[in-house]
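**Student:** Contents of model_38.pdb (PDB, C-alpha atoms (C1' of nucleotides)) are below:
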ATOM      1  CA  MET P   1     -18.341 -23.686 -34.036
ATOM      2  CA  PRO P   2     -14.983 -22.882 -32.431
ATOM      3  CA  GLU P   3     -12.326 -22.390 -35.060
ATOM      4  CA  TRP P   4      -9.367 -23.152 -32.825
ATOM      5  CA  VAL P   5      -8.810 -25.519 -30.011
ATOM      6  CA  CYS P   6      -7.933 -23.932 -26.708
ATOM      7  CA  GLY P   7      -6.918 -26.763 -24.479
ATOM      8  CA  GLY P   8      -3.783 -25.132 -23.011
ATOM      9  CA  SER P   9      -3.335 -25.114 -19.280
ATOM     10  CA  LYS P  10      -1.523 -21.794 -19.057
ATOM     11  CA  ILE P  11      -3.402 -18.559 -18.537
ATOM     12  CA  ASN P  12      -1.715 -17.253 -21.654
ATOM     13  CA  ASP P  13      -3.310 -19.858 -23.845
ATOM     14  CA  ASP P  14      -6.809 -18.893 -22.755
ATOM     15  CA  ALA P  15      -6.045 -15.290 -23.512
ATOM     16  CA  VAL P  16      -4.629 -16.037 -26.956
ATOM     17  CA  CYS P  17      -7.816 -17.916 -27.642
ATOM     18  CA  SER P  18     -10.089 -15.094 -26.465
ATOM     19  CA  LEU P  19      -8.088 -12.549 -28.329
ATOM     20  CA  GLY P  20      -8.199 -14.705 -31.426
ATOM     21  CA  ARG P  21     -11.955 -14.578 -31.330
ATOM     22  CA  LEU P  22     -11.933 -10.839 -30.695
ATOM     23  CA  ILE P  23      -9.596 -10.041 -33.567
ATOM     24  CA  GLY P  24     -10.884 -12.858 -35.706
ATOM     25  CA  ASP P  25      -7.367 -14.087 -36.427
ATOM     26  CA  GLN P  26      -5.444 -16.378 -34.138
ATOM     27  CA  GLN P  27      -2.102 -15.625 -35.784
ATOM     28  CA  LYS P  28      -2.455 -11.934 -35.012
ATOM     29  CA  ALA P  29      -3.650 -12.733 -31.509
ATOM     30  CA  GLU P  30      -0.551 -14.796 -30.808
ATOM     31  CA  LYS P  31       1.649 -12.032 -32.159
ATOM     32  CA  ARG P  32      -0.133  -9.479 -29.986
ATOM     33  CA  ILE P  33       0.336 -11.537 -26.833
ATOM     34  CA  ARG P  34       3.989 -12.076 -27.676
ATOM     35  CA  GLU P  35       4.424  -8.324 -28.015
ATOM     36  CA  LEU P  36       2.767  -7.706 -24.686
ATOM     37  CA  SER P  37       4.910 -10.357 -23.033
ATOM     38  CA  SER P  38       8.065  -8.736 -24.298
ATOM     39  CA  LEU P  39       6.740  -5.403 -23.055
ATOM     40  CA  VAL P  40       6.411  -7.005 -19.629
ATOM     41  CA  VAL P  41      10.027  -8.157 -19.878
ATOM     42  CA  THR P  42      11.017  -4.546 -20.505
ATOM     43  CA  ILE P  43       8.918  -3.428 -17.540
ATOM     44  CA  GLU P  44      10.576  -6.015 -15.312
ATOM     45  CA  GLY P  45      13.930  -4.590 -16.294
ATOM     46  CA  GLU P  46      12.889  -1.219 -14.923
ATOM     47  CA  ASP P  47      12.779  -2.551 -11.338
ATOM     48  CA  PRO P  48       9.058  -2.046 -10.788
ATOM     49  CA  ASP P  49       9.285  -3.513  -7.296
ATOM     50  CA  GLY P  50      11.703  -0.791  -6.297
ATOM     51  CA  THR P  51       9.105   1.738  -7.384
ATOM     52  CA  VAL P  52       6.453  -0.187  -5.488
ATOM     53  CA  GLU P  53       8.516   0.102  -2.322
ATOM     54  CA  VAL P  54       8.588   3.885  -2.691
ATOM     55  CA  LEU P  55       4.864   4.055  -3.358
ATOM     56  CA  LYS P  56       3.979   1.705  -0.527
ATOM     57  CA  ALA P  57       5.936   3.872   1.871
ATOM     58  CA  VAL P  58       3.618   6.853   1.326
ATOM     59  CA  ALA P  59       0.492   4.814   0.684
ATOM     60  CA  ASP P  60      -0.373   4.681   4.357
ATOM     61  CA  PRO P  61      -2.529   7.141   6.296
ATOM     62  CA  CYS P  62      -0.034   7.592   9.069
ATOM     63  CA  ARG P  63       3.037   7.901   6.857
ATOM     64  CA  LEU P  64       1.382  10.311   4.469
ATOM     65  CA  ARG P  65       0.581  12.550   7.427
ATOM     66  CA  ILE P  66       4.198  12.339   8.554
ATOM     67  CA  ILE P  67       5.394  13.451   5.130
ATOM     68  CA  LYS P  68       2.942  16.310   5.124
ATOM     69  CA  LEU P  69       4.123  17.354   8.567
ATOM     70  CA  LEU P  70       7.727  17.289   7.445
ATOM     71  CA  LYS P  71       6.909  19.698   4.640
ATOM     72  CA  GLU P  72       7.347  22.406   7.248
ATOM     73  CA  GLY P  73      10.856  21.227   8.045
ATOM     74  CA  GLU P  74      12.775  18.876  10.257
ATOM     75  CA  LEU P  75      10.978  17.293  13.217
ATOM     76  CA  CYS P  76      12.106  15.007  16.021
ATOM     77  CA  VAL P  77      10.383  11.718  16.753
ATOM     78  CA  CYS P  78       8.635  12.986  19.846
ATOM     79  CA  GLU P  79       7.114  15.869  17.919
ATOM     80  CA  ILE P  80       5.790  13.586  15.205
ATOM     81  CA  MET P  81       4.470  11.196  17.803
ATOM     82  CA  ALA P  82       2.617  13.997  19.566
ATOM     83  CA  ALA P  83       1.259  15.548  16.390
ATOM     84  CA  LEU P  84      -0.155  12.251  15.149
ATOM     85  CA  ASP P  85      -1.057  10.919  18.601
ATOM     86  CA  ARG P  86       0.562   7.588  17.829
ATOM     87  CA  ARG P  87       2.617   5.508  20.184
ATOM     88  CA  GLN P  88       6.376   5.713  20.091
ATOM     89  CA  SER P  89       6.975   2.249  18.681
ATOM     90  CA  SER P  90       4.420   2.795  15.966
ATOM     91  CA  THR P  91       5.844   6.184  15.027
ATOM     92  CA  SER P  92       9.341   4.802  14.973
ATOM     93  CA  HIS P  93       8.265   1.938  12.757
ATOM     94  CA  HIS P  94       6.685   4.274  10.206
ATOM     95  CA  LEU P  95       9.733   6.478  10.165
ATOM     96  CA  SER P  96      11.968   3.515   9.488
ATOM     97  CA  VAL P  97       9.766   2.459   6.572
ATOM     98  CA  LEU P  98      10.005   5.950   5.123
ATOM     99  CA  LYS P  99      13.739   5.993   5.667
ATOM    100  CA  GLU P 100      14.243   2.570   4.087
ATOM    101  CA  ALA P 101      12.333   3.697   1.029
ATOM    102  CA  GLY P 102      14.525   6.774   0.799
ATOM    103  CA  LEU P 103      11.735   9.296   1.315
ATOM    104  CA  VAL P 104      13.146  10.822   4.477
ATOM    105  CA  ARG P 105      16.584  11.325   5.991
ATOM    106  CA  GLU P 106      17.572  11.042   9.598
ATOM    107  CA  ARG P 107      19.880  13.269  11.602
ATOM    108  CA  LYS P 108      21.002  12.194  15.037
ATOM    109  CA  ASP P 109      21.878  14.645  17.740
ATOM    110  CA  GLY P 110      22.570  13.059  21.078
ATOM    111  CA  LYS P 111      19.519  11.157  22.190
ATOM    112  CA  TRP P 112      17.332  12.869  19.643
ATOM    113  CA  SER P 113      16.617  11.837  16.066
ATOM    114  CA  TYR P 114      15.400  14.362  13.563
ATOM    115  CA  TYR P 115      13.719  13.496  10.292
ATOM    116  CA  ARG P 116      13.303  15.505   7.141
ATOM    117  CA  ILE P 117      12.116  14.938   3.591
ATOM    118  CA  ALA P 118      14.910  13.517   1.481
ATOM    119  CA  ASP P 119      14.105  14.941  -1.911
ATOM    120  CA  GLY P 120      11.820  17.384  -3.674
ATOM    121  CA  ALA P 121      10.455  14.528  -5.740
ATOM    122  CA  VAL P 122       8.535  13.348  -2.681
ATOM    123  CA  MET P 123       6.296  16.409  -2.607
ATOM    124  CA  GLU P 124       6.057  16.418  -6.379
ATOM    125  CA  MET P 125       4.834  12.829  -6.291
ATOM    126  CA  LEU P 126       2.207  13.743  -3.699
ATOM    127  CA  LYS P 127       1.138  16.721  -5.758
ATOM    128  CA  GLN P 128       0.331  14.434  -8.650
ATOM    129  CA  ALA P 129      -1.524  12.029  -6.371
ATOM    130  CA  GLU P 130      -3.621  14.932  -5.146
ATOM    131  CA  VAL P 131      -4.439  15.936  -8.693
ATOM    132  CA  LEU P 132      -5.898  12.473  -9.180
ATOM    133  CA  LYS P 133      -7.686  12.347  -5.853
ATOM    134  CA  LYS P 134     -11.116  13.711  -6.530
ATOM    135  CA  LYS P 135     -11.804  12.972 -10.165
TER     136      LYS P 135
ATOM    137  CA  MET Y   1      15.770  16.335  39.319
ATOM    138  CA  PRO Y   2      12.823  16.599  36.909
ATOM    139  CA  GLU Y   3      11.651  20.185  36.644
ATOM    140  CA  TRP Y   4       8.099  19.370  35.492
ATOM    141  CA  VAL Y   5       5.737  16.636  36.394
ATOM    142  CA  CYS Y   6       4.645  14.452  33.492
ATOM    143  CA  GLY Y   7       1.899  12.261  34.814
ATOM    144  CA  GLY Y   8      -0.492  12.670  31.879
ATOM    145  CA  SER Y   9      -1.963   9.606  30.240
ATOM    146  CA  LYS Y  10      -2.172  10.963  26.703
ATOM    147  CA  ILE Y  11       0.646  10.427  24.252
ATOM    148  CA  ASN Y  12       0.733  14.166  23.771
ATOM    149  CA  ASP Y  13       1.656  14.795  27.364
ATOM    150  CA  ASP Y  14       4.699  12.573  27.189
ATOM    151  CA  ALA Y  15       5.815  14.396  24.086
ATOM    152  CA  VAL Y  16       5.346  17.815  25.607
ATOM    153  CA  CYS Y  17       7.454  16.631  28.472
ATOM    154  CA  SER Y  18      10.241  15.291  26.232
ATOM    155  CA  LEU Y  19      10.181  18.372  24.114
ATOM    156  CA  GLY Y  20      10.284  20.532  27.209
ATOM    157  CA  ARG Y  21      13.513  18.876  28.232
ATOM    158  CA  LEU Y  22      14.891  19.207  24.692
ATOM    159  CA  ILE Y  23      14.072  22.900  24.398
ATOM    160  CA  GLY Y  24      14.633  23.553  28.081
ATOM    161  CA  ASP Y  25      11.312  25.372  28.365
ATOM    162  CA  GLN Y  26       8.016  23.644  28.908
ATOM    163  CA  GLN Y  27       5.969  26.671  27.886
ATOM    164  CA  LYS Y  28       7.615  26.735  24.480
ATOM    165  CA  ALA Y  29       7.258  22.995  24.167
ATOM    166  CA  GLU Y  30       3.518  23.196  24.763
ATOM    167  CA  LYS Y  31       3.249  25.950  22.200
ATOM    168  CA  ARG Y  32       5.203  23.908  19.681
ATOM    169  CA  ILE Y  33       2.969  20.873  20.139
ATOM    170  CA  ARG Y  34      -0.124  23.033  19.821
ATOM    171  CA  GLU Y  35       1.225  24.412  16.550
ATOM    172  CA  LEU Y  36       1.900  20.943  15.225
ATOM    173  CA  SER Y  37      -1.540  19.770  16.275
ATOM    174  CA  SER Y  38      -3.170  22.597  14.389
ATOM    175  CA  LEU Y  39      -1.000  21.737  11.401
ATOM    176  CA  VAL Y  40      -2.415  18.241  11.589
ATOM    177  CA  VAL Y  41      -5.913  19.711  11.612
ATOM    178  CA  THR Y  42      -5.035  21.519   8.390
ATOM    179  CA  ILE Y  43      -3.669  18.309   6.920
ATOM    180  CA  GLU Y  44      -6.856  16.462   7.837
ATOM    181  CA  GLY Y  45      -8.818  19.091   5.960
ATOM    182  CA  GLU Y  46      -6.897  18.223   2.803
ATOM    183  CA  ASP Y  47      -8.450  14.733   2.642
ATOM    184  CA  PRO Y  48      -5.225  12.780   3.100
ATOM    185  CA  ASP Y  49      -7.118   9.489   2.997
ATOM    186  CA  GLY Y  50      -8.306  10.281  -0.507
ATOM    187  CA  THR Y  51      -4.679  10.702  -1.495
ATOM    188  CA  VAL Y  52      -3.810   7.465   0.272
ATOM    189  CA  GLU Y  53      -6.413   5.650  -1.813
ATOM    190  CA  VAL Y  54      -4.738   6.883  -4.994
ATOM    191  CA  LEU Y  55      -1.289   5.907  -3.758
ATOM    192  CA  LYS Y  56      -2.401   2.498  -2.506
ATOM    193  CA  ALA Y  57      -3.869   1.757  -5.897
ATOM    194  CA  VAL Y  58      -0.461   1.940  -7.593
ATOM    195  CA  ALA Y  59       1.533   0.686  -4.618
ATOM    196  CA  ASP Y  60       1.092  -2.927  -5.646
ATOM    197  CA  PRO Y  61       3.391  -4.970  -7.879
ATOM    198  CA  CYS Y  62       0.606  -6.226 -10.078
ATOM    199  CA  ARG Y  63      -1.193  -2.925 -10.441
ATOM    200  CA  LEU Y  64       1.966  -0.983 -11.141
ATOM    201  CA  ARG Y  65       2.687  -3.389 -13.974
ATOM    202  CA  ILE Y  66      -0.822  -2.874 -15.315
ATOM    203  CA  ILE Y  67      -0.329   0.889 -15.349
ATOM    204  CA  LYS Y  68       2.987   0.490 -17.116
ATOM    205  CA  LEU Y  69       1.380  -1.765 -19.687
ATOM    206  CA  LEU Y  70      -1.384   0.741 -20.285
ATOM    207  CA  LYS Y  71       1.180   3.401 -21.077
ATOM    208  CA  GLU Y  72       1.171   1.945 -24.578
ATOM    209  CA  GLY Y  73      -2.574   2.479 -24.884
ATOM    210  CA  GLU Y  74      -5.866   0.782 -24.272
ATOM    211  CA  LEU Y  75      -5.914  -2.930 -23.467
ATOM    212  CA  CYS Y  76      -8.695  -5.408 -22.871
ATOM    213  CA  VAL Y  77      -8.858  -7.553 -19.740
ATOM    214  CA  CYS Y  78      -7.781 -10.715 -21.509
ATOM    215  CA  GLU Y  79      -4.654  -9.013 -22.833
ATOM    216  CA  ILE Y  80      -3.674  -7.729 -19.410
ATOM    217  CA  MET Y  81      -4.360 -11.114 -17.902
ATOM    218  CA  ALA Y  82      -2.133 -12.803 -20.454
ATOM    219  CA  ALA Y  83       0.659 -10.262 -20.182
ATOM    220  CA  LEU Y  84       0.834 -10.543 -16.406
ATOM    221  CA  ASP Y  85      -0.019 -14.233 -16.277
ATOM    222  CA  ARG Y  86      -2.597 -13.635 -13.570
ATOM    223  CA  ARG Y  87      -5.981 -15.293 -13.261
ATOM    224  CA  GLN Y  88      -9.041 -13.564 -14.581
ATOM    225  CA  SER Y  89     -10.624 -12.843 -11.204
ATOM    226  CA  SER Y  90      -7.386 -11.457  -9.848
ATOM    227  CA  THR Y  91      -6.826  -9.257 -12.888
ATOM    228  CA  SER Y  92     -10.387  -8.001 -12.715
ATOM    229  CA  HIS Y  93     -10.010  -7.185  -9.037
ATOM    230  CA  HIS Y  94      -6.885  -5.111  -9.626
ATOM    231  CA  LEU Y  95      -8.528  -3.259 -12.481
ATOM    232  CA  SER Y  96     -11.493  -2.401 -10.303
ATOM    233  CA  VAL Y  97      -9.185  -1.031  -7.599
ATOM    234  CA  LEU Y  98      -7.446   1.133 -10.175
ATOM    235  CA  LYS Y  99     -10.782   2.274 -11.552
ATOM    236  CA  GLU Y 100     -12.200   3.081  -8.113
ATOM    237  CA  ALA Y 101      -9.151   5.190  -7.358
ATOM    238  CA  GLY Y 102      -9.626   7.047 -10.631
ATOM    239  CA  LEU Y 103      -6.353   5.985 -12.193
ATOM    240  CA  VAL Y 104      -7.851   4.165 -15.169
ATOM    241  CA  ARG Y 105     -11.023   4.424 -17.207
ATOM    242  CA  GLU Y 106     -13.074   1.637 -18.636
ATOM    243  CA  ARG Y 107     -14.719   1.376 -22.031
ATOM    244  CA  LYS Y 108     -17.172  -1.403 -22.736
ATOM    245  CA  ASP Y 109     -17.688  -2.828 -26.176
ATOM    246  CA  GLY Y 110     -20.012  -5.778 -26.236
ATOM    247  CA  LYS Y 111     -18.563  -8.505 -24.083
ATOM    248  CA  TRP Y 112     -15.192  -6.822 -23.957
ATOM    249  CA  SER Y 113     -13.914  -4.263 -21.471
ATOM    250  CA  TYR Y 114     -11.021  -2.015 -22.352
ATOM    251  CA  TYR Y 115      -8.970  -0.072 -19.861
ATOM    252  CA  ARG Y 116      -6.798   2.979 -20.315
ATOM    253  CA  ILE Y 117      -4.947   5.451 -18.105
ATOM    254  CA  ALA Y 118      -7.307   8.158 -16.914
ATOM    255  CA  ASP Y 119      -4.961  11.107 -16.634
ATOM    256  CA  GLY Y 120      -1.446  12.231 -17.420
ATOM    257  CA  ALA Y 121      -0.860  12.798 -13.714
ATOM    258  CA  VAL Y 122      -0.658   9.021 -13.257
ATOM    259  CA  MET Y 123       2.528   8.714 -15.290
ATOM    260  CA  GLU Y 124       3.889  11.911 -13.789
ATOM    261  CA  MET Y 125       3.371  10.477 -10.310
ATOM    262  CA  LEU Y 126       5.206   7.316 -11.306
ATOM    263  CA  LYS Y 127       8.013   9.336 -12.803
ATOM    264  CA  GLN Y 128       8.608  10.987  -9.444
ATOM    265  CA  ALA Y 129       8.458   7.657  -7.656
ATOM    266  CA  GLU Y 130      11.111   6.362 -10.023
ATOM    267  CA  VAL Y 131      13.324   9.339  -9.308
ATOM    268  CA  LEU Y 132      13.245   8.342  -5.648
ATOM    269  CA  LYS Y 133      13.703   4.660  -6.283
ATOM    270  CA  LYS Y 134      17.438   4.110  -6.200
ATOM    271  CA  LYS Y 135      18.822   6.779  -3.956
TER     272      LYS Y 135
ATOM    273  C1'  DG R   1      29.315   3.300  37.986
ATOM    274  C1'  DG R   2      24.083   3.610  37.916
ATOM    275  C1'  DT R   3      19.807   6.058  36.471
ATOM    276  C1'  DT R   4      16.923   8.416  33.353
ATOM    277  C1'  DT R   5      15.545   9.459  28.786
ATOM    278  C1'  DA R   6      14.868   9.092  23.541
ATOM    279  C1'  DT R   7      14.543   5.956  20.111
ATOM    280  C1'  DA R   8      14.749   1.298  17.915
ATOM    281  C1'  DT R   9      13.508  -3.374  17.718
ATOM    282  C1'  DC R  10      11.081  -7.623  18.835
ATOM    283  C1'  DG R  11       7.153 -11.023  19.505
ATOM    284  C1'  DA R  12       2.369 -11.506  19.514
ATOM    285  C1'  DT R  13      -1.947 -10.205  17.785
ATOM    286  C1'  DA R  14      -5.266  -7.884  14.899
ATOM    287  C1'  DT R  15      -6.597  -6.114  10.605
ATOM    288  C1'  DA R  16      -6.332  -5.507   5.721
ATOM    289  C1'  DT R  17      -5.834  -7.212   1.268
ATOM    290  C1'  DA R  18      -4.344 -10.600  -2.590
ATOM    291  C1'  DT R  19      -5.498 -14.931  -4.456
ATOM    292  C1'  DT R  20      -8.337 -18.719  -5.649
ATOM    293  C1'  DG R  21     -12.369 -21.320  -7.254
ATOM    294  C1'  DA R  22     -17.071 -20.876  -7.883
ATOM    295  C1'  DT R  23     -20.838 -18.341  -9.329
ATOM    296  C1'  DA R  24     -23.342 -14.402 -11.361
ATOM    297  C1'  DC R  25     -23.960 -11.128 -14.888
ATOM    298  C1'  DT R  26     -24.108  -9.631 -19.694
ATOM    299  C1'  DC R  27     -23.564  -9.724 -24.408
ATOM    300  C1'  DT R  28     -23.518 -12.478 -28.801
ATOM    301  C1'  DA R  29     -24.825 -15.949 -31.806
ATOM    302  C1'  DT R  30     -27.395 -19.808 -32.871
TER     303       DT R  30
ATOM    304  C1'  DA S   1     -34.932 -19.243 -25.537
ATOM    305  C1'  DT S   2     -30.472 -21.541 -25.098
ATOM    306  C1'  DA S   3     -25.657 -21.909 -25.071
ATOM    307  C1'  DG S   4     -21.160 -20.043 -24.981
ATOM    308  C1'  DA S   5     -17.872 -16.373 -23.939
ATOM    309  C1'  DG S   6     -15.805 -12.242 -21.415
ATOM    310  C1'  DT S   7     -15.920 -10.047 -17.268
ATOM    311  C1'  DA S   8     -17.359  -9.066 -12.432
ATOM    312  C1'  DT S   9     -18.280 -10.495  -7.886
ATOM    313  C1'  DC S  10     -18.422 -13.493  -3.891
ATOM    314  C1'  DA S  11     -16.744 -16.503   0.029
ATOM    315  C1'  DA S  12     -12.890 -18.684   1.906
ATOM    316  C1'  DT S  13      -8.149 -18.692   2.714
ATOM    317  C1'  DA S  14      -3.467 -17.067   2.790
ATOM    318  C1'  DT S  15      -0.279 -13.496   3.328
ATOM    319  C1'  DA S  16       1.279  -9.017   4.609
ATOM    320  C1'  DT S  17       1.526  -5.346   7.681
ATOM    321  C1'  DA S  18       0.001  -2.079  11.565
ATOM    322  C1'  DT S  19      -0.272  -1.903  16.399
ATOM    323  C1'  DC S  20       0.805  -2.879  21.058
ATOM    324  C1'  DG S  21       3.574  -3.991  25.095
ATOM    325  C1'  DA S  22       7.930  -5.213  26.429
ATOM    326  C1'  DT S  23      12.621  -5.014  25.942
ATOM    327  C1'  DA S  24      17.062  -3.371  23.971
ATOM    328  C1'  DT S  25      20.232   0.214  22.754
ATOM    329  C1'  DA S  26      22.432   4.420  23.304
ATOM    330  C1'  DA S  27      23.252   8.925  25.101
ATOM    331  C1'  DA S  28      23.126  12.284  28.961
ATOM    332  C1'  DC S  29      23.180  13.242  33.704
ATOM    333  C1'  DC S  30      23.733  12.237  38.731
TER     334       DC S  30
END
Hey, can you dump this file as structure tokens for me?

**Tutor:**
Amino acid sequence: MPEWVCGGSKINDDAVCSLGRLIGDQQKAEKRIRELSSLVVTIEGEDPDGTVEVLKAVADPCRLRIIKLLKEGELCVCEIMAALDRRQSSTSHHLSVLKEAGLVRERKDGKWSYYRIADGAVMEMLKQAEVLKKK
Amino acid sequence: MPEWVCGGSKINDDAVCSLGRLIGDQQKAEKRIRELSSLVVTIEGEDPDGTVEVLKAVADPCRLRIIKLLKEGELCVCEIMAALDRRQSSTSHHLSVLKEAGLVRERKDGKWSYYRIADGAVMEMLKQAEVLKKK
DNA sequence: GGTTTATATCGATATATATTGATACTCTAT
DNA sequence: ATAGAGTATCAATATATATCGATATAAACC
């Protein structure tokens, strides 16, 4: 028979209950969940959504290709557009996402805009992603 | 007056034309675009979409939090669910995305499933993303 | 000035993906 | 076997985002 009543409405309560059965001790289960919750508080303090913005920026087929193109050096919008065979508005949109996320920098020269990779960490990040790719 | 006719329908042709005006030499512009196109061919050979899958897996608020939780060590689904206050089906979905992408590994023990980070490269990748975060 | 050109932005649509509730699967214990 | 529990999967919906065409902005040239 069930040792402890689990009538809570919150998701947490269900989990405490499950964990109680797993560990065989509800007290310890509650303590464990409290620890995890405070760990989440710590994580929240580290601005995870800022990190998500950076990751989302490269986590797109088109934008990843742009970054890989820029490895060679600065390119103007029309070059990127041609290389990827994407329309101008689409290319421009992707570049602005990358710029917003701080992955690339823009340099204006007259009518032309040139883009380049903002920081070495960008390629380092990709290197790690590629390590994970095929495992 | 325009030195070269640009009536092509492909995106590439427009770009060659623009670039020709920028460089002041259409021949060189065509060569440049050809070089970039072959660079793209090289990039395609590197399985960029595999890399995108890895990046997409972490580029989500919920999944990033899961990874950060797992930094402490192995957790079972009910613990993750409680910590993030997400429903079971949602939590399970995110874990399967992370597993598919090779970022976490699963260990089954009876009814329980435990997840852990698959490779040190995961945290290294995040570290680089965090470097880029606030610039 | 007006025109052309390079890029950015906008509104509409299409596509992808997160979430939810329900159901299925699987293990354990009775 | 049957029931209960932990997890996975499914179908429907909601939300986010990529793409497209059109337009706006801004610079260069006549």

**Student:** Please check the contacts: residues of chain Y at most 9 Å away from chain R, using only C-alpha atoms (C1' of nucleotides), listed as a ChimeraX atom specification.

**Tutor:** /Y:18,87,89-90,110-112

**Student:** Apply the PyMOL selection byres ((chain P) within 12 of (chain S)) to the displayed file and report the matching residues as a CSV table (one decimal) with C-alpha atoms, keeping the file's coordinate frame.

**Tutor:**
chain,number,residue,atom,x,y,z
P,1,MET,CA,-18.3,-23.7,-34.0
P,2,PRO,CA,-15.0,-22.9,-32.4
P,14,ASP,CA,-6.8,-18.9,-22.8
P,15,ALA,CA,-6.0,-15.3,-23.5
P,17,CYS,CA,-7.8,-17.9,-27.6
P,18,SER,CA,-10.1,-15.1,-26.5
P,19,LEU,CA,-8.1,-12.5,-28.3
P,21,ARG,CA,-12.0,-14.6,-31.3
P,22,LEU,CA,-11.9,-10.8,-30.7
P,56,LYS,CA,4.0,1.7,-0.5
P,57,ALA,CA,5.9,3.9,1.9
P,60,ASP,CA,-0.4,4.7,4.4
P,61,PRO,CA,-2.5,7.1,6.3
P,62,CYS,CA,0.0,7.6,9.1
P,63,ARG,CA,3.0,7.9,6.9
P,86,ARG,CA,0.6,7.6,17.8
P,87,ARG,CA,2.6,5.5,20.2
P,88,GLN,CA,6.4,5.7,20.1
P,89,SER,CA,7.0,2.2,18.7
P,90,SER,CA,4.4,2.8,16.0
P,91,THR,CA,5.8,6.2,15.0
P,92,SER,CA,9.3,4.8,15.0
P,93,HIS,CA,8.3,1.9,12.8
P,94,HIS,CA,6.7,4.3,10.2
P,97,VAL,CA,9.8,2.5,6.6
P,108,LYS,CA,21.0,12.2,15.0
P,109,ASP,CA,21.9,14.6,17.7
P,110,GLY,CA,22.6,13.1,21.1
P,111,LYS,CA,19.5,11.2,22.2
P,112,TRP,CA,17.3,12.9,19.6
P,113,SER,CA,16.6,11.8,16.1

**Student:** Interatomic distance between CA of Arg116 in chain Y and CA of Glu74 in chain Y?

**Tutor:**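 CA of Arg116 in chain Y sits 4.6 Å away from CA of Glu74 in chain Y.
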
**Student:** Distance table requested - chain P against chain Y, cut-off 6 Å, all atoms listed in the file: one row per qualifying residue with the closest atom pair and its distance in Å to one decimal, ordered by chain and rising residue number, as a tab-separated table.

**Tutor:**
residue	atom	partner	partner_atom	distance
P:Ile11	CA	Y:Asp85	CA	5.9
P:Asn12	CA	Y:Ala82	CA	4.6
P:Ala15	CA	Y:Cys78	CA	5.3
P:Leu36	CA	Y:Ala83	CA	5.6
P:Ser37	CA	Y:Ala83	CA	5.1
P:Gly50	CA	Y:Lys133	CA	5.8
P:Thr51	CA	Y:Lys133	CA	5.6
P:Val52	CA	Y:Ala59	CA	5.1
P:Leu55	CA	Y:Ala59	CA	4.9
P:Lys56	CA	Y:Ala59	CA	4.9
P:Ala59	CA	Y:Lys56	CA	4.9
P:Cys78	CA	Y:Ala15	CA	5.3
P:Ala82	CA	Y:Asn12	CA	4.6
P:Ala83	CA	Y:Ser37	CA	5.1
P:Asp85	CA	Y:Ile11	CA	5.9
P:Ala121	CA	Y:Gln128	CA	5.4
P:Met125	CA	Y:Met125	CA	4.9
P:Gln128	CA	Y:Met125	CA	5.3
P:Ala129	CA	Y:Thr51	CA	6.0
P:Glu130	CA	Y:Thr51	CA	5.7
P:Lys133	CA	Y:Thr51	CA	5.5

**Student:** What is the CA of Val104 in chain P-CA of Ile117 in chain P distance in Å, reported with one decimal?

**Tutor:**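 Rounded to one decimal, the two atoms are 4.3 Å apart.
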
**Student:** Would you mind reading off the distance between CA of Leu98 in chain Y and CA of Lys71 in chain Y, one decimal, in Å?

**Tutor:**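 Separating CA of Leu98 in chain Y from CA of Lys71 in chain Y is a distance of 14.1 Å.
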
**Student:** What are the centre and the three edge lengths of an axis-aligned box that wraps all atoms of range 76-79 of chain P in the file, given that 3 Å is added to every side, written as JSON and rounded to one decimal in Å?

**Tutor:**
{"center_x": 9.6, "center_y": 13.8, "center_z": 17.9, "size_x": 11.0, "size_y": 10.2, "size_z": 9.8}
